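Shown here: final-v6.cif, mmCIF, C-alpha atoms.
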```
data_coords
#
loop_
_atom_site.label_atom_id
_atom_site.label_comp_id
_atom_site.auth_asym_id
_atom_site.auth_seq_id
_atom_site.Cartn_x
_atom_site.Cartn_y
_atom_site.Cartn_z
CA MET A 1 -86.97 -16.52 71.39
CA ARG A 2 -86.22 -19.74 73.20
CA LYS A 3 -89.81 -20.89 73.71
CA LEU A 4 -90.87 -22.85 70.64
CA THR A 5 -94.55 -21.92 70.39
CA MET A 6 -95.24 -22.53 66.69
CA TYR A 7 -95.05 -25.49 64.33
CA ASP A 8 -93.39 -25.95 60.96
CA GLN A 9 -94.98 -27.73 57.98
CA ASN A 10 -93.84 -31.10 59.42
CA GLY A 11 -95.46 -30.52 62.82
CA LYS A 12 -92.14 -29.82 64.61
CA ARG A 13 -92.04 -27.02 67.18
CA CYS A 14 -90.21 -23.90 65.97
CA ILE A 15 -90.33 -20.12 66.02
CA LEU A 16 -91.04 -18.29 62.80
CA VAL A 17 -88.59 -15.42 62.40
CA LEU A 18 -88.32 -12.49 60.00
CA LYS A 19 -85.36 -10.61 58.58
CA ASN A 20 -85.19 -7.65 56.20
CA GLY A 21 -81.69 -7.80 54.74
CA ARG A 22 -79.93 -5.67 52.15
CA THR A 23 -79.46 -8.58 49.73
CA THR A 24 -82.47 -10.86 50.17
CA GLY A 25 -85.03 -8.34 51.45
CA LEU A 26 -87.81 -9.61 53.72
CA THR A 27 -87.53 -13.34 54.40
CA VAL A 28 -89.21 -15.77 56.77
CA GLY A 29 -87.35 -18.59 58.46
CA ARG A 30 -87.70 -21.29 61.10
CA ALA A 31 -85.66 -21.18 64.31
CA TYR A 32 -85.17 -24.26 66.44
CA ASN A 33 -83.39 -24.88 69.75
CA ILE A 34 -80.27 -25.88 67.83
CA ALA A 35 -77.05 -24.06 68.61
CA SER A 36 -73.90 -24.34 66.54
CA TYR A 37 -70.49 -23.68 68.07
CA SER A 38 -67.30 -22.79 66.26
CA ARG A 39 -63.78 -22.11 67.52
CA LYS A 40 -61.41 -19.56 66.10
CA TYR A 41 -57.80 -19.34 67.17
CA PHE A 42 -55.97 -16.02 67.28
CA GLY A 43 -52.40 -16.65 68.40
CA ASN A 44 -52.73 -17.91 71.99
CA ASN A 45 -56.38 -16.82 72.28
CA THR A 46 -59.39 -19.00 71.53
CA PHE A 47 -62.73 -17.51 70.59
CA ILE A 48 -65.82 -19.70 70.74
CA ALA A 49 -68.86 -18.47 68.81
CA LYS A 50 -72.39 -19.64 69.55
CA GLU A 51 -74.73 -19.35 66.59
CA LEU A 52 -78.39 -20.24 66.11
CA ALA A 53 -79.32 -22.17 62.97
CA ILE A 54 -82.18 -20.70 60.92
CA LEU A 55 -83.75 -22.69 58.11
CA PRO A 56 -85.89 -21.25 55.28
CA PHE A 57 -89.67 -21.21 55.80
CA ASP A 58 -90.14 -24.03 53.29
CA LYS A 59 -88.34 -25.69 50.38
CA ASP A 60 -89.68 -23.15 47.89
CA SER A 61 -88.98 -19.92 49.81
CA GLY A 62 -85.28 -19.56 48.98
CA ALA A 63 -82.42 -18.67 51.29
CA PHE A 64 -83.19 -16.95 54.62
CA SER A 65 -80.10 -14.76 54.20
CA ALA A 66 -77.21 -14.25 51.82
CA LYS A 67 -73.94 -12.34 51.62
CA GLY A 68 -74.71 -8.70 52.41
CA ASP A 69 -77.47 -9.46 54.95
CA SER A 70 -75.06 -9.68 57.90
CA GLY A 71 -76.08 -7.35 60.69
CA ALA A 72 -79.80 -7.17 59.85
CA ALA A 73 -82.10 -7.79 62.81
CA VAL A 74 -83.76 -11.20 63.06
CA ALA A 75 -87.02 -10.92 64.98
CA ASP A 76 -89.99 -13.08 65.89
CA GLY A 77 -93.59 -12.19 65.03
CA ALA A 78 -93.93 -10.12 68.21
CA GLY A 79 -91.00 -7.92 67.13
CA ARG A 80 -88.53 -9.29 69.68
CA ILE A 81 -84.99 -9.21 68.30
CA GLY A 82 -83.32 -12.59 68.56
CA GLY A 83 -80.02 -11.91 66.83
CA ILE A 84 -78.18 -10.84 63.70
CA PRO A 85 -77.14 -12.97 60.70
CA THR A 86 -73.43 -13.61 60.56
CA GLY A 87 -73.02 -16.38 58.01
CA GLY A 88 -74.56 -19.33 56.29
CA GLY A 89 -74.03 -22.69 54.74
CA GLY A 90 -75.22 -21.53 51.34
CA ALA A 91 -78.19 -22.70 49.36
CA THR A 92 -78.09 -26.07 47.68
CA GLU A 93 -80.78 -27.94 45.78
CA SER A 94 -81.97 -29.60 48.99
CA SER A 95 -81.18 -27.26 51.89
CA ASP A 96 -79.93 -23.94 53.23
CA VAL A 97 -78.93 -22.80 56.70
CA ALA A 98 -78.24 -19.32 58.02
CA TYR A 99 -76.36 -18.67 61.24
CA VAL A 100 -77.53 -15.96 63.63
CA THR A 101 -75.55 -14.62 66.58
CA PRO A 102 -77.92 -14.32 69.57
CA ILE A 103 -78.64 -10.70 70.54
CA SER A 104 -77.51 -11.43 74.13
CA VAL A 105 -74.02 -12.20 72.79
CA VAL A 106 -74.02 -9.07 70.60
CA LEU A 107 -75.02 -6.88 73.57
CA LYS A 108 -72.35 -8.45 75.78
CA ILE A 109 -69.68 -7.58 73.20
CA ILE A 110 -71.01 -4.02 72.80
CA GLN A 111 -71.17 -3.53 76.57
CA SER A 112 -67.58 -4.73 76.97
CA TYR A 113 -66.50 -1.64 75.00
CA LYS A 114 -66.22 0.97 77.76
CA PRO A 115 -67.90 3.96 76.02
CA LEU A 116 -70.97 1.77 75.33
CA ALA A 117 -70.99 -0.08 78.66
CA LYS A 118 -74.50 1.11 79.57
CA VAL A 119 -76.17 0.20 76.25
CA TYR A 120 -79.38 -1.80 76.50
CA ILE A 121 -82.38 -2.57 74.33
CA LYS A 122 -85.45 -0.61 75.36
CA SER A 123 -88.43 -2.94 75.70
CA ALA A 124 -91.56 -2.20 73.68
CA GLN A 125 -93.52 -1.98 76.94
CA SER A 126 -91.45 0.96 78.19
CA ALA A 127 -91.43 2.79 74.84
#
```
Translate this file's structure into structure tokens.
Amino acid sequence: MRKLTMYDQNGKRCILVLKNGRTTGLTVGRAYNIASYSRKYFGNNTFIAKELAILPFDKDSGAFSAKGDSGAAVADGAGRIGGIPTGGGGATESSDVAYVTPISVVLKIIQSYKPLAKVYIKSAQSA
């Protein structure tokens, strides 16, 4: 989902993404090549999280995700999974942003757990 092949209502390149979450149901958002990084400190360990920012489809469509939607798949129009929602900035009168952990990061974490080390996503072409 890194190739921005579509355009938003302002003519900026983006990827339209879909999510069907427990709280907000089916929503459409706009993904850009914008990554957000955060650091969390656990004792002597530092964890750096890379998140993708997803904006609502337009100003009238409401939040892309809300509390309770974490873990739902975020996919593009071709059905390719790009990540899972993990948080958000919260809706205001003028904006909303949802943060999505890239699926590559999720798979890396899953595969680091020994019993699931050989987990992979089966491509639609080989299904």
Discussion item. Residues proximal to (-83.1, -6.8, 65.0) were defined as those with any atom within 12 Å of that point in the file's coordinates, counting all atoms listed in the file. Which are they, as a ChimeraX atom specification?
Written reply: /A:17-21,69-85,100-104,106-107,121
Worksheet entry | Test item: residues at most 7 Å from Ser38 (chain A), all atoms listed in the file, excluding those fewer than 5 positions along its chain, as a list in words | Ile48, Ala49 and Lys50 of chain A
Item to complete: Kindly provide, as number ranges by chain, the polymer residues lying within 9 Å of (-77.2, -14.3, 54.9), counting all atoms listed in the file and using the coordinates exactly as they appear in the file.
Response: A: 21, 23-24, 63-70, 85-90, 97-100
Worksheet item: Quick one: distance from CA of Arg39 (chain A) to CA of Leu52 (chain A) in Å, one decimal?
Response: 14.8 Å
Worksheet entry | Selection under test: the PyMOL selection byres ((chain A and resi 31) around 7); residues as a list in words | Cys14, Ile15, Leu16, Val17, Gly29, Arg30, Tyr32, Asn33, Ala53, Ile54 and Leu55 of chain A
Item to complete: Would you mind reading off the distance between CA of Asp8 (chain A) and CA of Phe57 (chain A), one decimal, in Å?
Response: 7.9 Å
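With CA of Pro56 (chain A) on one side and CA of Asp96 (chain A) on the other, the separation reads 6.9 Å.
The smallest atom-to-atom distance between Asp60 (chain A) and any of A:Asn45, A:Val28, A:Lys118, A:Arg13, using only C-alpha atoms, is found for A:Val28.
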Assuming the input is short of atoms at region 34-62 of chain A, produce N, CA and C atoms for that part as a PDB file, in the frame of the given file.
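What landed in result_12.pdb:
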```pdb
ATOM      1  N   ILE A  34     -81.522 -25.258  68.277  1.00  0.00           N
ATOM      2  CA  ILE A  34     -80.270 -25.880  67.830  1.00  0.00           C
ATOM      3  C   ILE A  34     -79.204 -24.794  67.834  1.00  0.00           C
ATOM      4  N   ALA A  35     -78.162 -25.017  68.592  1.00  0.00           N
ATOM      5  CA  ALA A  35     -77.050 -24.060  68.610  1.00  0.00           C
ATOM      6  C   ALA A  35     -75.852 -24.699  67.922  1.00  0.00           C
ATOM      7  N   SER A  36     -75.097 -23.887  67.233  1.00  0.00           N
ATOM      8  CA  SER A  36     -73.900 -24.340  66.540  1.00  0.00           C
ATOM      9  C   SER A  36     -72.716 -23.594  67.139  1.00  0.00           C
ATOM     10  N   TYR A  37     -71.668 -24.295  67.465  1.00  0.00           N
ATOM     11  CA  TYR A  37     -70.490 -23.680  68.070  1.00  0.00           C
ATOM     12  C   TYR A  37     -69.315 -23.795  67.124  1.00  0.00           C
ATOM     13  N   SER A  38     -68.525 -22.740  67.055  1.00  0.00           N
ATOM     14  CA  SER A  38     -67.300 -22.790  66.260  1.00  0.00           C
ATOM     15  C   SER A  38     -66.175 -22.180  67.077  1.00  0.00           C
ATOM     16  N   ARG A  39     -64.958 -22.638  66.830  1.00  0.00           N
ATOM     17  CA  ARG A  39     -63.780 -22.110  67.520  1.00  0.00           C
ATOM     18  C   ARG A  39     -62.885 -21.416  66.518  1.00  0.00           C
ATOM     19  N   LYS A  40     -62.372 -20.268  66.925  1.00  0.00           N
ATOM     20  CA  LYS A  40     -61.410 -19.560  66.100  1.00  0.00           C
ATOM     21  C   LYS A  40     -60.199 -19.291  66.972  1.00  0.00           C
ATOM     22  N   TYR A  41     -59.038 -19.515  66.421  1.00  0.00           N
ATOM     23  CA  TYR A  41     -57.800 -19.340  67.170  1.00  0.00           C
ATOM     24  C   TYR A  41     -57.067 -18.104  66.673  1.00  0.00           C
ATOM     25  N   PHE A  42     -56.720 -17.225  67.582  1.00  0.00           N
ATOM     26  CA  PHE A  42     -55.970 -16.020  67.280  1.00  0.00           C
ATOM     27  C   PHE A  42     -54.723 -16.032  68.143  1.00  0.00           C
ATOM     28  N   GLY A  43     -53.630 -16.542  67.605  1.00  0.00           N
ATOM     29  CA  GLY A  43     -52.400 -16.650  68.400  1.00  0.00           C
ATOM     30  C   GLY A  43     -52.653 -17.592  69.575  1.00  0.00           C
ATOM     31  N   ASN A  44     -52.495 -17.092  70.797  1.00  0.00           N
ATOM     32  CA  ASN A  44     -52.730 -17.910  71.990  1.00  0.00           C
ATOM     33  C   ASN A  44     -54.165 -17.797  72.504  1.00  0.00           C
ATOM     34  N   ASN A  45     -55.004 -17.019  71.839  1.00  0.00           N
ATOM     35  CA  ASN A  45     -56.380 -16.820  72.280  1.00  0.00           C
ATOM     36  C   ASN A  45     -57.346 -17.691  71.479  1.00  0.00           C
ATOM     37  N   THR A  46     -58.344 -18.210  72.170  1.00  0.00           N
ATOM     38  CA  THR A  46     -59.390 -19.000  71.530  1.00  0.00           C
ATOM     39  C   THR A  46     -60.703 -18.259  71.674  1.00  0.00           C
ATOM     40  N   PHE A  47     -61.426 -18.143  70.585  1.00  0.00           N
ATOM     41  CA  PHE A  47     -62.730 -17.510  70.590  1.00  0.00           C
ATOM     42  C   PHE A  47     -63.751 -18.557  70.208  1.00  0.00           C
ATOM     43  N   ILE A  48     -64.769 -18.740  71.040  1.00  0.00           N
ATOM     44  CA  ILE A  48     -65.820 -19.700  70.740  1.00  0.00           C
ATOM     45  C   ILE A  48     -67.094 -18.934  70.424  1.00  0.00           C
ATOM     46  N   ALA A  49     -67.650 -19.165  69.252  1.00  0.00           N
ATOM     47  CA  ALA A  49     -68.860 -18.470  68.810  1.00  0.00           C
ATOM     48  C   ALA A  49     -70.053 -19.408  68.917  1.00  0.00           C
ATOM     49  N   LYS A  50     -71.134 -18.892  69.477  1.00  0.00           N
ATOM     50  CA  LYS A  50     -72.390 -19.640  69.550  1.00  0.00           C
ATOM     51  C   LYS A  50     -73.337 -19.021  68.532  1.00  0.00           C
ATOM     52  N   GLU A  51     -73.833 -19.824  67.634  1.00  0.00           N
ATOM     53  CA  GLU A  51     -74.730 -19.350  66.590  1.00  0.00           C
ATOM     54  C   GLU A  51     -76.018 -20.174  66.611  1.00  0.00           C
ATOM     55  N   LEU A  52     -77.117 -19.544  66.248  1.00  0.00           N
ATOM     56  CA  LEU A  52     -78.390 -20.240  66.110  1.00  0.00           C
ATOM     57  C   LEU A  52     -78.603 -20.564  64.634  1.00  0.00           C
ATOM     58  N   ALA A  53     -79.063 -21.768  64.353  1.00  0.00           N
ATOM     59  CA  ALA A  53     -79.320 -22.170  62.970  1.00  0.00           C
ATOM     60  C   ALA A  53     -80.745 -21.767  62.584  1.00  0.00           C
ATOM     61  N   ILE A  54     -80.870 -21.106  61.444  1.00  0.00           N
ATOM     62  CA  ILE A  54     -82.180 -20.700  60.920  1.00  0.00           C
ATOM     63  C   ILE A  54     -82.342 -21.363  59.555  1.00  0.00           C
ATOM     64  N   LEU A  55     -83.449 -22.042  59.385  1.00  0.00           N
ATOM     65  CA  LEU A  55     -83.750 -22.690  58.110  1.00  0.00           C
ATOM     66  C   LEU A  55     -84.807 -21.869  57.370  1.00  0.00           C
ATOM     67  N   PRO A  56     -84.850 -21.964  56.031  1.00  0.00           N
ATOM     68  CA  PRO A  56     -85.890 -21.250  55.280  1.00  0.00           C
ATOM     69  C   PRO A  56     -87.278 -21.704  55.710  1.00  0.00           C
ATOM     70  N   PHE A  57     -88.288 -20.889  55.434  1.00  0.00           N
ATOM     71  CA  PHE A  57     -89.670 -21.210  55.800  1.00  0.00           C
ATOM     72  C   PHE A  57     -90.109 -22.544  55.212  1.00  0.00           C
ATOM     73  N   ASP A  58     -89.833 -22.753  53.933  1.00  0.00           N
ATOM     74  CA  ASP A  58     -90.140 -24.030  53.290  1.00  0.00           C
ATOM     75  C   ASP A  58     -89.165 -24.241  52.135  1.00  0.00           C
ATOM     76  N   LYS A  59     -89.309 -25.355  51.443  1.00  0.00           N
ATOM     77  CA  LYS A  59     -88.340 -25.690  50.380  1.00  0.00           C
ATOM     78  C   LYS A  59     -88.431 -24.771  49.176  1.00  0.00           C
ATOM     79  N   ASP A  60     -89.516 -24.029  49.044  1.00  0.00           N
ATOM     80  CA  ASP A  60     -89.680 -23.150  47.890  1.00  0.00           C
ATOM     81  C   ASP A  60     -89.410 -21.681  48.197  1.00  0.00           C
ATOM     82  N   SER A  61     -89.096 -21.341  49.446  1.00  0.00           N
ATOM     83  CA  SER A  61     -88.980 -19.920  49.810  1.00  0.00           C
ATOM     84  C   SER A  61     -87.598 -19.320  49.577  1.00  0.00           C
ATOM     85  N   GLY A  62     -86.616 -20.090  49.220  1.00  0.00           N
ATOM     86  CA  GLY A  62     -85.280 -19.560  48.980  1.00  0.00           C
ATOM     87  C   GLY A  62     -84.507 -19.364  50.273  1.00  0.00           C
TER      88      GLY A  62
END
```
